[in-house]
Amino acid sequence: MAGQRTVLHDWHASHGARMVDFAGWDMPVIYTSIVEEHQAVRTSSGLFDISHMGRLSFGGPDALDLIQLLCTNNAATMKDFQVRYSLVCNEQGGIRDDVLIYRWPYGFALVVNASNRQKIVEWIGQHKGMRKVQVEDQTLTTCMVAIQGPKALEQCRGIVPIDLEELAYYFAAATNYKGKNCIVSRTGYTGEDGLEFMVSNDQGVELWEDLLRRGATPCGLGARDTLRLEAAMPLYGHELSEDIDPYQAGLSWAVKLDKGDFLGKQALEKRQRDGSLRKRVGLELPGKRIAREGFKVTANGREVGVVTSGTFAPTLEKSIAMAYVSPELTAVGTKLEIDIRGKPEPTTVVKLPFYSRKKASGVA
Amino acid sequence: MDPKDLRYAATHEWAAMKKDLVVVGITKFAVEQLTDIVYIDLPDVGDHTFAGESFGEIESVKAVSDLYAPVNGEIVEINKKLLDDPKMLAEDPYDKGWIIKIKPEPGQTLDHLMKLEAYEKQISEGH
């Protein structure tokens, strides 16, 4: 069964991208090489088609109320045009999705993971109740692309009428691209500076080609994964799932227990106090072997955890991984082993993130 | 090595007889599918190989792939240079990127492997 296609699908396929199924969408995983694309983002700029991600809009007098119910973070303290990371939890305190909340003067938007879009749409429907709010799924009629890297902002000069370099980090703007509505935000999933653009489908290809002409390198999901992993950003289905709570994941900052009631709050109050659960850590391996998702983490042969993501980091040139490990073994410097296809490979707990652009540029 | 003279396994290894030894490598197609090769796990000299069974692994950023032996035999040489520089596999898969040399058991041949034309047909079908 063929997957869903973004408006950029044919562009990707006809420009040498290897296409794979991702959450039911036919997406480009690689154009030239993961390492080349990754390095383009870290040194110049890379361009990603992220149209598969869910874009949900919320309008009406009770929009804030509904967003507050669904999300763990506090939307009431957001300024207009601010963007905030949040989790959506189930009633056991497990994570249903990680999302970005956009606050507008006239409503809200949520950008959700492609793999969770249907689930979140249903969850919203289940909990909306009698609230006066119109929820619209705009995923299939809009195109979203991300340009990320140290040259991204300068390459985008003049692409829209506003000064993008003045756009603050984790803020958005409602502007226009060649006369039609366009939302831009200074957000991303790579650990670099950059922008994410949302336009209606009929402008998708034009915007994509415009950004390429300005100097961006097309990048696939393969590089997207190595980039976010170096920056220690969690990926739903790996570091986040319905069975993992925000405290285990190291995301307590995205949970505001004092903001009023929300879905999962009671369970989260208990989970916050539970020190017995495995916690997310960063691991480094000395060689080049890669720790893959699902590999066991051991301490002197005793199973103490599991790997959730791993790769050979192209920028750091090290084998890195994220894992959930027994809480007493999470101190930086702890020596553990990872079972790599039957062989216990030594590994050390390291501080997250593995890579940060501030560290890289020499600014503390 | 001229690809025209080699034999091919469905699993994308190439093999050639050279002075009674079977030299084994992987094809350009395999290299292109893997991309971003990071590490190769080679067996030891003296290890036995079994036709159709894994003798090592290649690790790329995206995934790990097994290497399959074309014949039963004993490994007499491994290309140690690949351990330091696995990129050679991608740069020169048919020559400098050779992986192992096997002394085949008596009676072992490469006749069961594909010739270039059949292999090219397989990869044109996308696998």
# chains A, B, ... in the order shown; residues from 1 in each chain; ligands from 1

call {"tool": "select_by_dssp", "arguments": {"residues": "stretch 49-229 of chain A", "states": "strand (DSSP E)", "output": "PyMOL selection string"}}
result
chain A and resi 49+54-59+83-89+95-104+107-112+134-137+142-148+172-177+180-185+194-200+217-218

call {"tool": "interface_residues", "arguments": {"of": "chain A", "to": "chain B", "cutoff": "7 Å", "atoms": "only C-alpha atoms", "output": "compact mmCIF listing (two decimals) with C-alpha atoms, in the first residue's frame"}}
result
# COMPACT_ATOMS: atom_id res chain seq x y z
CA SER A 33 24.89 10.53 2.19
CA ILE A 34 23.73 10.94 5.77
CA VAL A 35 27.12 12.25 6.83
CA LYS A 288 33.05 2.64 16.13
CA ARG A 289 30.42 0.01 16.79
CA THR A 311 24.53 6.17 15.88
CA PHE A 312 28.04 7.12 14.88

call {"tool": "residues_around", "arguments": {"residues": "A:Glu37", "least_positions_apart": "3", "cutoff": "10 Å", "atoms": "only C-alpha atoms", "output": "PyMOL selection string"}}
result
chain A and resi 30-34+40-42+45-47+217-224+226-227+314

call {"tool": "residues_around", "arguments": {"residues": "stretch 342-348 of chain A", "least_positions_apart": "3", "cutoff": "8 Å", "atoms": "only C-alpha atoms", "output": "PyMOL selection string"}}
result
chain A and resi 283-286+332-339

call {"tool": "write_last_selection", "arguments": {"atoms": "N, CA and C atoms", "output": "JSON list (two decimals), in the first residue's frame"}}
result
[["chain", "number", "residue", "atom", "x", "y", "z"],
["A", 283, "LEU", "N", 25.13, 8.04, 26.40],
["A", 283, "LEU", "CA", 26.24, 7.10, 26.49],
["A", 283, "LEU", "C", 27.22, 7.33, 25.35],
["A", 284, "GLU", "N", 28.48, 7.13, 25.63],
["A", 284, "GLU", "CA", 29.51, 7.18, 24.60],
["A", 284, "GLU", "C", 30.21, 5.84, 24.56],
["A", 285, "LEU", "N", 30.54, 5.38, 23.36],
["A", 285, "LEU", "CA", 31.29, 4.13, 23.22],
["A", 285, "LEU", "C", 32.66, 4.46, 22.65],
["A", 286, "PRO", "N", 33.69, 3.72, 23.06],
["A", 286, "PRO", "CA", 35.05, 4.08, 22.64],
["A", 286, "PRO", "C", 35.35, 3.74, 21.18],
["A", 332, "VAL", "N", 27.17, 10.92, 35.61],
["A", 332, "VAL", "CA", 28.15, 11.08, 34.53],
["A", 332, "VAL", "C", 29.44, 10.38, 34.94],
["A", 333, "GLY", "N", 29.99, 9.60, 34.06],
["A", 333, "GLY", "CA", 31.22, 8.87, 34.35],
["A", 333, "GLY", "C", 30.99, 7.41, 34.70],
["A", 334, "THR", "N", 29.74, 7.03, 34.97],
["A", 334, "THR", "CA", 29.45, 5.63, 35.31],
["A", 334, "THR", "C", 29.83, 4.73, 34.15],
["A", 335, "LYS", "N", 30.52, 3.65, 34.45],
["A", 335, "LYS", "CA", 30.95, 2.72, 33.40],
["A", 335, "LYS", "C", 29.96, 1.55, 33.34],
["A", 336, "LEU", "N", 29.46, 1.32, 32.13],
["A", 336, "LEU", "CA", 28.49, 0.25, 31.92],
["A", 336, "LEU", "C", 28.93, -0.54, 30.69],
["A", 337, "GLU", "N", 28.09, -1.48, 30.29],
["A", 337, "GLU", "CA", 28.35, -2.18, 29.02],
["A", 337, "GLU", "C", 27.08, -2.19, 28.18],
["A", 338, "ILE", "N", 27.26, -2.28, 26.88],
["A", 338, "ILE", "CA", 26.11, -2.46, 25.99],
["A", 338, "ILE", "C", 26.32, -3.78, 25.25],
["A", 339, "ASP", "N", 25.30, -4.62, 25.25],
["A", 339, "ASP", "CA", 25.37, -5.90, 24.56],
["A", 339, "ASP", "C", 25.14, -5.64, 23.07]]

call {"tool": "closest_residue", "arguments": {"among": "A:Cys89, A:Ser252, A:Lys265, A:Gly310", "to": "A:Phe354", "atoms": "only C-alpha atoms"}}
result
A:Gly310

call {"tool": "select_by_dssp", "arguments": {"residues": "stretch 10-187 of chain A", "states": "helix (DSSP H, G or I)", "output": "PyMOL selection string"}}
result
chain A and resi 10-14+34-43+63-70+114-127+139-141+152-155+164-166

call {"tool": "write_last_selection", "arguments": {"atoms": "C-alpha atoms", "output": "PDB file, in the first residue's frame"}}
result
ATOM      1  CA  ASP A  10       7.940  14.089  -6.778  1.00  0.00           C
ATOM      2  CA  TRP A  11      10.721  16.625  -6.340  1.00  0.00           C
ATOM      3  CA  HIS A  12      12.498  14.299  -3.890  1.00  0.00           C
ATOM      4  CA  ALA A  13      12.060  11.234  -6.061  1.00  0.00           C
ATOM      5  CA  SER A  14      13.223  12.952  -9.233  1.00  0.00           C
ATOM      6  CA  ILE A  34      23.726  10.939   5.766  1.00  0.00           C
ATOM      7  CA  VAL A  35      27.115  12.253   6.833  1.00  0.00           C
ATOM      8  CA  GLU A  36      27.310  14.800   3.990  1.00  0.00           C
ATOM      9  CA  GLU A  37      23.796  16.076   4.664  1.00  0.00           C
ATOM     10  CA  HIS A  38      24.441  16.193   8.404  1.00  0.00           C
ATOM     11  CA  GLN A  39      27.655  18.193   7.892  1.00  0.00           C
ATOM     12  CA  ALA A  40      25.858  20.600   5.550  1.00  0.00           C
ATOM     13  CA  VAL A  41      23.488  21.478   8.396  1.00  0.00           C
ATOM     14  CA  ARG A  42      26.290  21.932  10.916  1.00  0.00           C
ATOM     15  CA  THR A  43      28.489  24.055   8.628  1.00  0.00           C
ATOM     16  CA  ALA A  63      -9.043  27.394  22.677  1.00  0.00           C
ATOM     17  CA  LEU A  64      -6.649  28.233  25.535  1.00  0.00           C
ATOM     18  CA  ASP A  65      -8.706  26.146  27.919  1.00  0.00           C
ATOM     19  CA  LEU A  66      -8.486  23.097  25.673  1.00  0.00           C
ATOM     20  CA  ILE A  67      -4.753  23.545  25.048  1.00  0.00           C
ATOM     21  CA  GLN A  68      -4.209  23.822  28.814  1.00  0.00           C
ATOM     22  CA  LEU A  69      -6.128  20.594  29.368  1.00  0.00           C
ATOM     23  CA  LEU A  70      -4.156  18.624  26.786  1.00  0.00           C
ATOM     24  CA  ALA A 114       3.377  12.470  12.093  1.00  0.00           C
ATOM     25  CA  SER A 115       3.198   9.105  13.835  1.00  0.00           C
ATOM     26  CA  ASN A 116       0.835  10.465  16.483  1.00  0.00           C
ATOM     27  CA  ARG A 117      -1.398  12.732  14.432  1.00  0.00           C
ATOM     28  CA  GLN A 118      -4.448  10.440  14.303  1.00  0.00           C
ATOM     29  CA  LYS A 119      -4.014   9.510  17.945  1.00  0.00           C
ATOM     30  CA  ILE A 120      -3.855  13.150  19.067  1.00  0.00           C
ATOM     31  CA  VAL A 121      -6.795  14.169  16.885  1.00  0.00           C
ATOM     32  CA  GLU A 122      -8.851  11.426  18.564  1.00  0.00           C
ATOM     33  CA  TRP A 123      -7.581  12.418  22.023  1.00  0.00           C
ATOM     34  CA  ILE A 124      -8.669  16.002  21.379  1.00  0.00           C
ATOM     35  CA  GLY A 125     -12.080  14.802  20.242  1.00  0.00           C
ATOM     36  CA  GLN A 126     -12.470  12.689  23.380  1.00  0.00           C
ATOM     37  CA  HIS A 127     -11.680  15.557  25.719  1.00  0.00           C
ATOM     38  CA  THR A 139      -1.820  18.836   7.653  1.00  0.00           C
ATOM     39  CA  LEU A 140      -3.018  17.762   4.225  1.00  0.00           C
ATOM     40  CA  THR A 141      -3.489  21.263   2.810  1.00  0.00           C
ATOM     41  CA  ALA A 152      20.126  29.606   7.334  1.00  0.00           C
ATOM     42  CA  LEU A 153      19.081  33.040   8.586  1.00  0.00           C
ATOM     43  CA  GLU A 154      21.333  34.988   6.234  1.00  0.00           C
ATOM     44  CA  GLN A 155      20.248  32.820   3.288  1.00  0.00           C
ATOM     45  CA  LEU A 164      13.804  37.181  10.128  1.00  0.00           C
ATOM     46  CA  GLU A 165      17.065  37.853  11.916  1.00  0.00           C
ATOM     47  CA  GLU A 166      15.000  39.906  14.371  1.00  0.00           C
TER      48      GLU A 166
END
